[in-house]
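Have a look at start-v3.csv; it's CSV, C-alpha atoms:
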chain,number,residue,atom,x,y,z
A,1,MET,CA,-15.2,27.9,-9.0
A,2,THR,CA,-16.6,24.8,-10.9
A,3,THR,CA,-20.1,24.5,-12.4
A,4,HIS,CA,-21.1,22.1,-9.6
A,5,GLU,CA,-19.9,24.6,-6.9
A,6,ARG,CA,-21.9,27.4,-8.5
A,7,GLU,CA,-25.0,25.3,-8.6
A,8,GLY,CA,-24.5,24.1,-5.0
A,9,GLU,CA,-24.3,20.5,-6.2
A,10,ARG,CA,-21.9,17.8,-5.1
A,11,PRO,CA,-19.4,17.0,-7.9
A,12,PRO,CA,-20.0,13.6,-9.6
A,13,LEU,CA,-17.0,12.0,-7.9
A,14,GLY,CA,-18.4,12.9,-4.5
A,15,ARG,CA,-21.7,11.2,-5.4
A,16,SER,CA,-19.8,8.2,-6.7
A,17,LEU,CA,-17.7,7.9,-3.5
A,18,LEU,CA,-20.9,8.0,-1.4
A,19,GLU,CA,-22.8,5.5,-3.6
A,20,SER,CA,-19.9,3.0,-3.5
A,21,GLU,CA,-19.6,3.5,0.2
A,22,ALA,CA,-15.9,4.4,-0.2
A,23,MET,CA,-16.8,7.7,1.6
A,24,THR,CA,-19.3,7.9,4.5
A,25,SER,CA,-21.7,10.8,4.8
A,26,ASP,CA,-19.9,12.3,7.7
A,27,TRP,CA,-16.9,13.0,5.5
A,28,ALA,CA,-19.0,14.5,2.6
A,29,PRO,CA,-19.0,18.2,3.9
A,30,THR,CA,-15.2,18.0,4.3
A,31,TYR,CA,-14.8,16.5,0.8
A,32,GLU,CA,-16.8,19.3,-0.7
A,33,ALA,CA,-14.9,22.0,1.3
A,34,VAL,CA,-11.4,20.7,0.6
A,35,PRO,CA,-10.8,20.0,-3.1
A,36,ARG,CA,-7.9,17.8,-4.0
A,37,SER,CA,-7.0,20.2,-6.8
A,38,ALA,CA,-5.9,22.8,-4.2
A,39,PHE,CA,-3.0,20.6,-3.2
A,40,LEU,CA,-1.7,19.3,-6.6
A,41,PRO,CA,1.3,20.8,-8.4
A,42,ASP,CA,0.8,22.3,-11.9
A,43,LEU,CA,2.5,19.3,-13.5
A,44,ILE,CA,1.0,15.9,-12.6
A,45,TRP,CA,1.3,12.3,-13.8
A,46,PRO,CA,-2.1,10.6,-13.5
A,47,HIS,CA,-1.7,6.8,-13.2
A,48,ASP,CA,-3.7,4.5,-15.4
A,49,MET,CA,-4.7,1.5,-13.2
A,50,GLU,CA,-5.2,-0.8,-16.2
A,51,THR,CA,-2.0,-0.1,-18.1
A,52,GLY,CA,0.2,0.8,-15.2
A,53,ARG,CA,1.4,3.9,-17.1
A,54,SER,CA,1.5,7.6,-16.2
A,55,VAL,CA,1.3,10.5,-18.6
A,56,ALA,CA,2.3,14.1,-17.8
A,57,VAL,CA,-0.6,16.6,-17.7
A,58,SER,CA,0.2,20.3,-17.3
A,59,LYS,CA,-2.3,22.8,-15.8
A,60,ALA,CA,-0.8,25.6,-17.9
A,61,SER,CA,-1.1,23.8,-21.3
A,62,ASP,CA,-4.3,21.8,-20.7
A,63,PRO,CA,-6.2,23.1,-17.7
A,64,ALA,CA,-9.4,21.1,-18.5
A,65,ALA,CA,-7.6,17.8,-18.5
A,66,TRP,CA,-5.6,18.7,-15.4
A,67,GLN,CA,-8.9,19.6,-13.5
A,68,GLY,CA,-10.5,16.5,-14.9
A,69,TYR,CA,-7.9,14.2,-13.4
A,70,ALA,CA,-7.8,16.2,-10.1
A,71,ASP,CA,-11.6,15.5,-9.8
A,72,SER,CA,-11.3,11.8,-10.8
A,73,ASN,CA,-10.8,8.7,-8.7
A,74,VAL,CA,-7.2,8.0,-9.9
A,75,PRO,CA,-3.9,8.1,-8.2
A,76,ILE,CA,-1.6,10.9,-9.4
A,77,VAL,CA,2.1,10.8,-9.2
A,78,THR,CA,3.6,14.1,-8.1
A,79,GLN,CA,7.3,13.2,-7.8
A,80,TRP,CA,9.7,10.8,-9.4
A,81,ASP,CA,13.0,9.4,-8.2
A,82,ASP,CA,13.1,11.2,-4.8
A,83,GLY,CA,13.1,14.6,-6.6
A,84,GLU,CA,16.1,13.9,-8.9
A,85,HIS,CA,13.8,13.6,-11.9
A,86,SER,CA,13.1,16.6,-14.3
A,87,GLY,CA,11.1,17.0,-17.4
A,88,THR,CA,7.7,15.7,-18.4
A,89,GLU,CA,8.5,12.1,-19.2
A,90,PRO,CA,7.9,9.7,-16.2
A,91,GLY,CA,11.0,8.9,-14.2
A,92,ASP,CA,12.2,5.4,-13.1
A,93,GLU,CA,10.3,5.2,-9.8
A,94,SER,CA,7.3,7.1,-8.5
A,95,THR,CA,8.2,8.5,-5.0
A,96,SER,CA,5.3,10.8,-4.0
A,97,SER,CA,1.7,10.9,-5.1
A,98,ALA,CA,-1.9,11.9,-4.4
A,99,SER,CA,-3.8,8.7,-3.6
A,100,MET,CA,-7.1,7.7,-5.1
A,101,PRO,CA,-9.9,9.6,-3.3
A,102,SER,CA,-11.7,6.3,-2.7
A,103,VAL,CA,-8.7,4.9,-0.9
A,104,VAL,CA,-8.2,8.2,1.1
A,105,PHE,CA,-11.7,8.2,2.4
A,106,SER,CA,-11.9,4.5,3.0
A,107,MET,CA,-8.8,4.8,5.3
A,108,LEU,CA,-10.3,7.9,7.0
A,109,HIS,CA,-13.4,5.8,7.7
A,110,ASP,CA,-11.1,3.1,9.2
A,111,LEU,CA,-9.5,5.8,11.3
A,112,ASP,CA,-12.8,6.7,13.0
A,113,VAL,CA,-11.9,10.1,14.2
A,114,GLN,CA,-14.0,11.8,16.9
A,115,PRO,CA,-14.4,15.4,17.8
A,116,GLY,CA,-11.2,16.6,19.4
A,117,SER,CA,-9.1,13.6,18.2
A,118,ARG,CA,-5.4,14.3,17.9
A,119,VAL,CA,-4.0,12.7,14.8
A,120,LEU,CA,-0.4,11.9,13.7
A,121,GLU,CA,-0.1,11.3,9.9
A,122,ILE,CA,3.0,9.6,8.4
A,123,GLY,CA,3.6,10.6,4.8
A,124,THR,CA,2.4,14.1,4.1
A,125,GLY,CA,2.6,14.0,0.3
A,126,THR,CA,0.6,16.8,-1.3
A,127,GLY,CA,-1.0,17.7,2.1
A,128,TRP,CA,-4.5,16.9,1.0
A,129,ASN,CA,-5.1,14.1,3.6
A,130,ALA,CA,-3.8,16.4,6.3
A,131,ALA,CA,-6.0,19.1,5.1
A,132,LEU,CA,-9.1,16.9,5.2
A,133,LEU,CA,-8.2,15.9,8.8
A,134,ALA,CA,-7.5,19.5,9.8
A,135,HIS,CA,-10.8,20.8,8.3
A,136,ARG,CA,-12.7,18.2,10.3
A,137,LEU,CA,-10.8,18.2,13.6
A,138,GLY,CA,-9.1,21.6,13.6
A,139,SER,CA,-5.5,22.3,12.5
A,140,VAL,CA,-4.2,22.3,16.0
A,141,ASN,CA,-5.1,18.6,16.3
A,142,VAL,CA,-3.1,17.4,13.2
A,143,VAL,CA,0.6,16.7,12.9
A,144,THR,CA,2.0,15.3,9.7
A,145,VAL,CA,5.5,14.0,9.0
A,146,GLU,CA,7.2,13.9,5.6
A,147,VAL,CA,10.7,12.5,5.0
A,148,ASP,CA,11.3,14.5,1.8
A,149,GLU,CA,12.2,18.2,2.6
A,150,ALA,CA,10.9,19.6,-0.8
A,151,VAL,CA,7.6,17.6,-0.5
A,152,ALA,CA,7.2,18.8,3.1
A,153,ALA,CA,7.7,22.4,2.1
A,154,SER,CA,5.3,22.2,-0.8
A,155,ALA,CA,2.6,20.7,1.3
A,156,ARG,CA,3.2,23.2,4.1
A,157,ALA,CA,2.8,26.0,1.6
A,158,ALA,CA,-0.4,24.5,0.1
A,159,LEU,CA,-1.9,24.1,3.6
A,160,GLU,CA,-1.1,27.7,4.4
A,161,ARG,CA,-2.6,29.0,1.1
A,162,PHE,CA,-5.8,27.1,1.9
A,163,GLY,CA,-6.0,28.5,5.4
A,164,LEU,CA,-5.3,25.3,7.3
A,165,HIS,CA,-2.3,25.2,9.6
A,166,ALA,CA,-1.7,21.6,10.4
A,167,LYS,CA,1.8,21.1,11.7
A,168,VAL,CA,4.1,19.8,9.0
A,169,VAL,CA,7.3,18.1,10.3
A,170,HIS,CA,10.2,17.3,8.0
A,171,GLY,CA,11.6,14.0,9.4
A,172,ASP,CA,11.6,10.2,9.3
A,173,GLY,CA,8.1,9.0,10.0
A,174,PHE,CA,9.4,5.7,11.2
A,175,ARG,CA,10.2,7.6,14.5
A,176,GLY,CA,6.7,9.1,14.6
A,177,HIS,CA,6.7,12.5,16.3
A,178,PRO,CA,7.2,12.0,20.1
A,179,GLU,CA,7.2,15.7,20.8
A,180,GLY,CA,3.4,15.8,20.0
A,181,ALA,CA,2.4,12.6,21.7
A,182,PRO,CA,0.2,11.1,22.8
A,183,TYR,CA,-2.2,10.8,19.8
A,184,ASP,CA,-5.6,9.4,19.6
A,185,ARG,CA,-5.1,8.3,16.0
A,186,VAL,CA,-2.1,7.5,13.8
A,187,ILE,CA,-2.5,7.0,10.0
A,188,ALA,CA,0.2,6.1,7.5
A,189,THR,CA,-0.1,7.0,3.8
A,190,CYS,CA,2.9,4.8,2.7
A,191,GLY,CA,3.3,1.1,2.6
A,192,LEU,CA,5.0,-0.6,5.6
A,193,ARG,CA,6.9,-3.8,5.9
A,194,SER,CA,7.3,-3.3,9.6
A,195,ILE,CA,5.1,-1.1,11.8
A,196,PRO,CA,7.4,0.7,14.3
A,197,PHE,CA,6.5,0.1,17.9
A,198,ALA,CA,7.2,3.9,18.4
A,199,TRP,CA,3.8,4.5,16.9
A,200,VAL,CA,2.2,2.3,19.5
A,201,GLU,CA,4.0,4.0,22.2
A,202,GLN,CA,2.9,7.4,20.9
A,203,THR,CA,-0.8,6.4,20.8
A,204,ARG,CA,-3.2,6.5,23.7
A,205,PRO,CA,-4.6,3.2,25.1
A,206,GLY,CA,-7.7,2.5,23.0
A,207,GLY,CA,-6.3,4.6,20.2
A,208,VAL,CA,-6.3,3.5,16.6
A,209,ILE,CA,-3.4,3.0,14.1
A,210,VAL,CA,-4.3,2.7,10.4
A,211,ALA,CA,-1.5,1.7,8.1
A,212,PRO,CA,-1.0,-0.2,4.8
A,213,TRP,CA,1.1,-3.2,5.6
A,214,GLY,CA,2.5,-6.2,3.7
A,215,THR,CA,5.5,-8.3,3.0
A,216,HIS,CA,8.2,-8.2,0.4
A,217,PHE,CA,6.5,-11.1,-1.5
A,218,SER,CA,4.8,-8.5,-3.6
A,219,HIS,CA,4.1,-4.7,-3.8
A,220,GLN,CA,0.6,-5.2,-2.5
A,221,ASP,CA,-0.5,-4.2,0.9
A,222,ALA,CA,-3.6,-4.5,3.1
A,223,VAL,CA,-4.8,-1.8,5.4
A,224,ALA,CA,-4.3,-2.8,9.1
A,225,ARG,CA,-6.6,-1.2,11.6
A,226,LEU,CA,-5.0,-1.7,15.0
A,227,VAL,CA,-6.3,-0.8,18.4
A,228,VAL,CA,-3.8,-0.1,21.2
A,229,SER,CA,-4.3,-2.2,24.3
A,230,LYS,CA,-5.2,-0.7,27.7
A,231,ASP,CA,-1.7,-1.4,29.0
A,232,GLY,CA,-0.1,0.1,25.8
A,233,GLU,CA,2.0,-3.0,25.3
A,234,GLN,CA,0.6,-3.9,21.9
A,235,ALA,CA,-1.7,-2.9,19.0
A,236,SER,CA,-3.8,-5.5,17.3
A,237,GLY,CA,-6.7,-5.7,14.8
A,238,LEU,CA,-7.9,-7.0,11.4
A,239,PHE,CA,-7.0,-5.9,7.9
A,240,THR,CA,-9.8,-4.0,6.2
A,241,GLY,CA,-8.9,-4.4,2.5
A,242,PRO,CA,-6.2,-4.4,-0.2
A,243,VAL,CA,-4.3,-1.4,-1.3
A,244,GLU,CA,-1.0,-0.6,-3.0
A,245,PHE,CA,1.2,2.3,-1.7
A,246,MET,CA,4.7,3.6,-2.2
A,247,LYS,CA,6.8,2.2,0.5
A,248,LEU,CA,8.2,4.0,3.5
A,249,ARG,CA,11.7,5.1,2.2
A,250,SER,CA,13.6,3.4,5.0
A,251,GLN,CA,11.9,0.1,4.3
A,252,ARG,CA,12.4,-0.1,0.5
A,253,ARG,CA,14.4,-3.0,-0.9
A,254,PRO,CA,16.6,-2.8,-3.9
A,255,PRO,CA,15.3,-4.5,-7.0
A,256,VAL,CA,16.1,-8.2,-7.4
A,257,VAL,CA,18.9,-8.8,-10.0
A,258,HIS,CA,18.0,-12.0,-11.7
A,259,ALA,CA,21.6,-12.8,-12.8
A,260,GLU,CA,22.8,-12.8,-9.2
A,261,TYR,CA,20.4,-15.7,-8.6
A,262,VAL,CA,20.5,-17.6,-11.9
A,263,PRO,CA,23.9,-16.9,-13.5
A,264,GLY,CA,23.5,-19.8,-15.9
A,265,ARG,CA,20.6,-21.7,-17.3
A,266,VAL,CA,17.3,-22.3,-15.5
A,267,ALA,CA,17.7,-26.0,-16.4
A,268,ASP,CA,20.7,-26.1,-14.1
A,269,GLY,CA,18.3,-26.1,-11.2
A,270,ASP,CA,16.5,-29.2,-9.7
A,271,GLU,CA,13.5,-30.0,-11.9
A,272,THR,CA,10.1,-31.1,-10.6
A,273,SER,CA,6.5,-30.4,-11.6
A,274,THR,CA,3.3,-29.3,-10.0
A,275,LYS,CA,-0.4,-30.0,-10.5
A,276,ILE,CA,-1.3,-26.5,-9.6
A,277,THR,CA,-2.6,-24.7,-12.7
A,278,GLU,CA,-2.0,-21.2,-13.8
A,279,GLU,CA,-5.6,-20.3,-13.2
A,280,GLU,CA,-5.4,-21.5,-9.6
A,281,PHE,CA,-2.1,-19.7,-8.9
A,282,VAL,CA,-2.1,-16.4,-10.9
A,283,ARG,CA,-5.0,-14.5,-9.4
A,284,GLU,CA,-6.3,-11.0,-10.2
A,285,LYS,CA,-4.1,-8.2,-8.8
A,286,PHE,CA,-5.9,-7.5,-5.5
A,287,ASN,CA,-6.8,-11.1,-4.6
A,288,ALA,CA,-5.7,-12.1,-1.1
A,289,HIS,CA,-3.7,-15.0,-2.6
A,290,ARG,CA,-0.4,-13.2,-2.9
A,291,PHE,CA,-0.9,-11.5,0.5
A,292,ALA,CA,-1.4,-14.9,2.2
A,293,LEU,CA,1.5,-16.5,0.4
A,294,GLY,CA,3.7,-13.6,1.6
A,295,LEU,CA,2.7,-14.3,5.2
A,296,ARG,CA,3.5,-17.9,4.9
A,297,VAL,CA,6.7,-17.7,2.9
A,298,PRO,CA,9.0,-15.2,4.6
A,299,ASP,CA,12.0,-13.4,3.0
A,300,CYS,CA,10.8,-14.2,-0.5
A,301,CYS,CA,9.9,-12.0,-3.5
A,302,GLN,CA,7.6,-13.2,-6.3
A,303,VAL,CA,7.7,-11.9,-9.9
A,304,VAL,CA,4.9,-12.9,-12.3
A,305,ALA,CA,6.2,-12.5,-15.9
A,306,TYR,CA,4.0,-11.7,-18.9
A,307,LYS,CA,2.5,-14.6,-20.8
A,308,ARG,CA,4.0,-15.3,-24.2
A,309,ASP,CA,3.2,-18.1,-26.7
A,310,GLY,CA,1.0,-19.8,-24.1
A,311,ALA,CA,3.7,-19.9,-21.4
A,312,ARG,CA,4.0,-17.8,-18.2
A,313,PRO,CA,7.0,-18.1,-15.9
A,314,VAL,CA,6.5,-17.2,-12.2
A,315,TRP,CA,9.8,-16.5,-10.4
A,316,PHE,CA,10.6,-16.6,-6.7
A,317,TYR,CA,13.8,-15.1,-5.1
A,318,GLY,CA,15.0,-15.6,-1.6
A,319,LEU,CA,15.8,-12.3,0.1
A,320,SER,CA,18.1,-13.7,2.8
A,321,ASP,CA,20.1,-16.0,0.5
A,322,ARG,CA,20.4,-16.8,-3.2
A,323,SER,CA,17.6,-19.4,-3.3
A,324,TRP,CA,15.4,-19.2,-6.4
A,325,ALA,CA,12.6,-21.1,-8.1
A,326,CYS,CA,10.7,-20.8,-11.3
A,327,ALA,CA,7.3,-22.4,-12.1
A,328,MET,CA,6.6,-22.4,-15.8
A,329,PHE,CA,2.9,-22.6,-16.5
A,330,ARG,CA,2.0,-23.6,-20.0
A,331,ASP,CA,-1.4,-24.0,-21.7
A,332,GLY,CA,-2.5,-27.6,-21.9
A,333,ALA,CA,0.5,-29.0,-20.0
A,334,GLU,CA,1.5,-29.7,-16.4
A,335,ALA,CA,3.7,-26.9,-15.0
A,336,ARG,CA,7.4,-27.6,-14.8
A,337,VAL,CA,9.4,-26.2,-11.8
A,338,TRP,CA,13.1,-25.5,-11.3
A,339,GLN,CA,14.7,-24.7,-8.0
A,340,GLY,CA,18.1,-23.7,-6.8
A,341,GLY,CA,19.9,-22.7,-3.6
A,342,PRO,CA,19.6,-23.8,0.0
A,343,ARG,CA,15.8,-23.2,0.2
A,344,ARG,CA,13.3,-25.0,-1.9
A,345,LEU,CA,11.2,-21.9,-2.5
A,346,TRP,CA,8.6,-23.5,-4.7
A,347,ASP,CA,8.0,-26.3,-2.2
A,348,GLU,CA,7.3,-23.6,0.5
A,349,VAL,CA,5.1,-21.6,-1.9
A,350,GLU,CA,3.1,-24.7,-2.9
A,351,GLU,CA,2.6,-25.6,0.7
A,352,ALA,CA,1.4,-22.0,1.4
A,353,HIS,CA,-0.9,-22.1,-1.5
A,354,ARG,CA,-2.5,-25.4,-0.4
A,355,TRP,CA,-2.8,-24.0,3.2
A,356,TRP,CA,-4.7,-20.9,1.8
A,357,VAL,CA,-7.0,-23.1,-0.3
A,358,GLY,CA,-7.6,-25.5,2.5
A,359,HIS,CA,-8.8,-22.7,4.8
A,360,GLY,CA,-11.4,-21.6,2.2
A,361,GLU,CA,-9.3,-19.0,0.4
A,362,PRO,CA,-9.7,-16.4,3.1
A,363,GLY,CA,-9.8,-12.7,2.0
A,364,HIS,CA,-7.8,-9.9,3.5
A,365,SER,CA,-10.4,-9.2,6.2
A,366,ARG,CA,-9.9,-12.7,7.6
A,367,PHE,CA,-6.3,-11.8,8.5
A,368,GLY,CA,-5.1,-9.7,11.4
A,369,LEU,CA,-1.9,-8.3,12.8
A,370,THR,CA,-0.5,-7.8,16.3
A,371,VAL,CA,2.4,-5.4,16.9
A,372,THR,CA,4.5,-5.5,20.1
A,373,SER,CA,8.0,-4.4,21.0
A,374,ASP,CA,9.2,-7.8,19.9
A,375,GLY,CA,7.9,-7.6,16.4
A,376,HIS,CA,4.8,-8.7,14.5
A,377,GLN,CA,2.4,-11.6,14.6
A,378,ALA,CA,0.0,-12.2,11.7
A,379,TRP,CA,-3.0,-14.4,12.3
A,380,LEU,CA,-6.1,-15.9,10.7
A,381,HIS,CA,-9.5,-15.0,12.2
A,382,LYS,CA,-9.3,-18.0,14.6
A,383,PRO,CA,-6.5,-17.6,17.3
A,384,SER,CA,-5.6,-21.3,16.7
A,385,HIS,CA,-4.3,-20.4,13.2
A,386,CYS,CA,-1.5,-17.9,13.8
A,387,TRP,CA,2.2,-17.7,13.2
A,388,ALA,CA,4.9,-15.3,14.1
A,389,LEU,CA,6.5,-12.7,11.8
A,390,THR,CA,9.7,-10.9,12.8
A,391,SER,CA,9.9,-7.2,12.7
A,392,ALA,CA,12.0,-5.7,9.9
Give the structure from this file in structure tokens form.
Amino acid sequence: MTTHEREGERPPLGRSLLESEAMTSDWAPTYEAVPRSAFLPDLIWPHDMETGRSVAVSKASDPAAWQGYADSNVPIVTQWDDGEHSGTEPGDESTSSASMPSVVFSMLHDLDVQPGSRVLEIGTGTGWNAALLAHRLGSVNVVTVEVDEAVAASARAALERFGLHAKVVHGDGFRGHPEGAPYDRVIATCGLRSIPFAWVEQTRPGGVIVAPWGTHFSHQDAVARLVVSKDGEQASGLFTGPVEFMKLRSQRRPPVVHAEYVPGRVADGDETSTKITEEEFVREKFNAHRFALGLRVPDCCQVVAYKRDGARPVWFYGLSDRSWACAMFRDGAEARVWQGGPRRLWDEVEEAHRWWVGHGEPGHSRFGLTVTSDGHQAWLHKPSHCWALTSA
């Protein structure tokens, strides 16, 4: 029992979440009753949002630091390399985690559960999110699906120890869980590049689907809050804000191999220039710029390199062919551009950039998504500004 619990006070993080409005007051009793620490393994890797690095923290060797991170608003990696990793050093790719509490409660707010709501969660992870839902709605109303058998077993055990008995299913969340349908709410805790229509089919008309969604243009997502139509033929709604999640395993893409696109010199490509400046183009991490460009330039991946000696290259790689482009931004000089392959990727990107600027640099909440059995359609707030996106 912590000092705050003994004194009957809300822990500092709880107050912070309320003050920042990341957590609404109706979730405060559940936050206090269901600590994240009860669902974390003894060895964790808290993620530093500034440096992008994770460092191992052991509950056995440093319980104070472990508890401090458990009670902090930071994401915590709990598995590397799909479970193939061992030891305390970080692995190559983080593959399961406990999300930032601010993100967890913001998405739960978007979910807008009501007494008696039946919820399907995709991506069990540590089990904390399922536990929060089970505490508020009753365990019988919560089903959570996890693709990794070991992660599912660990979460199931943690839920049982805590006295919450939400149903944990080991399986591919892309299929949902039709055996328990229909659901009033569906929430995904992994990044999607295609929201399966199966989730729409398994949700009641008027029900809500909350899922991080984005394109392969970058790792960044935005939370889509979709409402299922009365006829059940579609789910549609606006995005609520930016996030970044580990991707649904079946929708991961292998990393781009630069040499497969540019086997020789960059100068072998067609050279042009652009008047767009680095300041205009390279925005802060969660700015809607990259998100919007990804919507307008399909099947493309962007890589922003580190700046060295006043120069920063930004690369673009086609995902359906070997087209590529490089914009070299340099202090005090007009940016040079090289392009190769059947597509002129920079031309597409520049057009998308000017489209975004021309529409007033709309943020994430100005964009929306509609999911049907035929795929996806992303749109700007006004119906006259929309364009089709095919389902992955």
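Each of A:Leu369, A:Ser194, A:Glu149, A:Gly332 was checked against A:Val228 using all atoms listed in the file; the smallest atom-to-atom distance is that of A:Leu369.
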Within 12 Å of stretch 284-295 of chain A, which residues of stretch 17-56 of chain A come that close, and what is the closest atom pair and distance in Å for each? Count only C-alpha atoms and give it as CSV.
residue,atom,partner,partner_atom,distance
A:Met49,CA,A:Lys285,CA,10.7
A:Glu50,CA,A:Lys285,CA,10.5
A:Gly52,CA,A:Lys285,CA,11.9
Written file, previous selection with C-alpha atoms, as a PDB file, keeping the file's coordinate frame:
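selection19.pdb was written with the following content:
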ATOM      1  CA  MET A  49      -4.700   1.500 -13.200  1.00  0.00           C
ATOM      2  CA  GLU A  50      -5.200  -0.800 -16.200  1.00  0.00           C
ATOM      3  CA  GLY A  52       0.200   0.800 -15.200  1.00  0.00           C
TER       4      GLY A  52
END
List as a PyMOL selection string: which residues have an atom within 12 Å of (11.0, 15.3, -0.3), counting only C-alpha atoms? chain A and resi 78-84+95-97+123-126+145-156+169-172+249
Non-local contacts of A:Gln67 (12 Å; all atoms listed in the file; under 6 positions in same chain excluded) as a PDB file with C-alpha atoms, in the frame of the given file:
ATOM      1  CA  MET A   1     -15.200  27.900  -9.000  1.00  0.00           C
ATOM      2  CA  THR A   2     -16.600  24.800 -10.900  1.00  0.00           C
ATOM      3  CA  PRO A  35     -10.800  20.000  -3.100  1.00  0.00           C
ATOM      4  CA  ARG A  36      -7.900  17.800  -4.000  1.00  0.00           C
ATOM      5  CA  SER A  37      -7.000  20.200  -6.800  1.00  0.00           C
ATOM      6  CA  ALA A  38      -5.900  22.800  -4.200  1.00  0.00           C
ATOM      7  CA  PHE A  39      -3.000  20.600  -3.200  1.00  0.00           C
ATOM      8  CA  LEU A  40      -1.700  19.300  -6.600  1.00  0.00           C
ATOM      9  CA  PRO A  41       1.300  20.800  -8.400  1.00  0.00           C
ATOM     10  CA  ASP A  42       0.800  22.300 -11.900  1.00  0.00           C
ATOM     11  CA  LEU A  43       2.500  19.300 -13.500  1.00  0.00           C
ATOM     12  CA  ILE A  44       1.000  15.900 -12.600  1.00  0.00           C
ATOM     13  CA  PRO A  46      -2.100  10.600 -13.500  1.00  0.00           C
ATOM     14  CA  VAL A  57      -0.600  16.600 -17.700  1.00  0.00           C
ATOM     15  CA  SER A  58       0.200  20.300 -17.300  1.00  0.00           C
ATOM     16  CA  LYS A  59      -2.300  22.800 -15.800  1.00  0.00           C
ATOM     17  CA  ALA A  60      -0.800  25.600 -17.900  1.00  0.00           C
ATOM     18  CA  SER A  61      -1.100  23.800 -21.300  1.00  0.00           C
TER      19      SER A  61
END
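The smallest atom-to-atom distance between A:Glu244 and any of A:Ala70, A:Val223, A:Ala22, A:Ala267, using all atoms listed in the file, is found for A:Val223.
The space separating atom CA of A:Arg175 from atom CA of A:Ala198 comes to 6.2 Å.
If you look at atom CA of A:Thr277 and atom CA of A:Gly310, they are 12.9 Å away from each other.
Between A:Trp27 and the candidates A:Gln114, A:Thr215, A:Thr240, A:Gln302, the tightest atom-to-atom separation, counting only C-alpha atoms, involves A:Gln114.
Of the listed residues (A:Ser20, A:Leu226, A:Arg161, A:Gln234), A:Leu226 comes nearest to A:Asp112; the distances count all atoms listed in the file.
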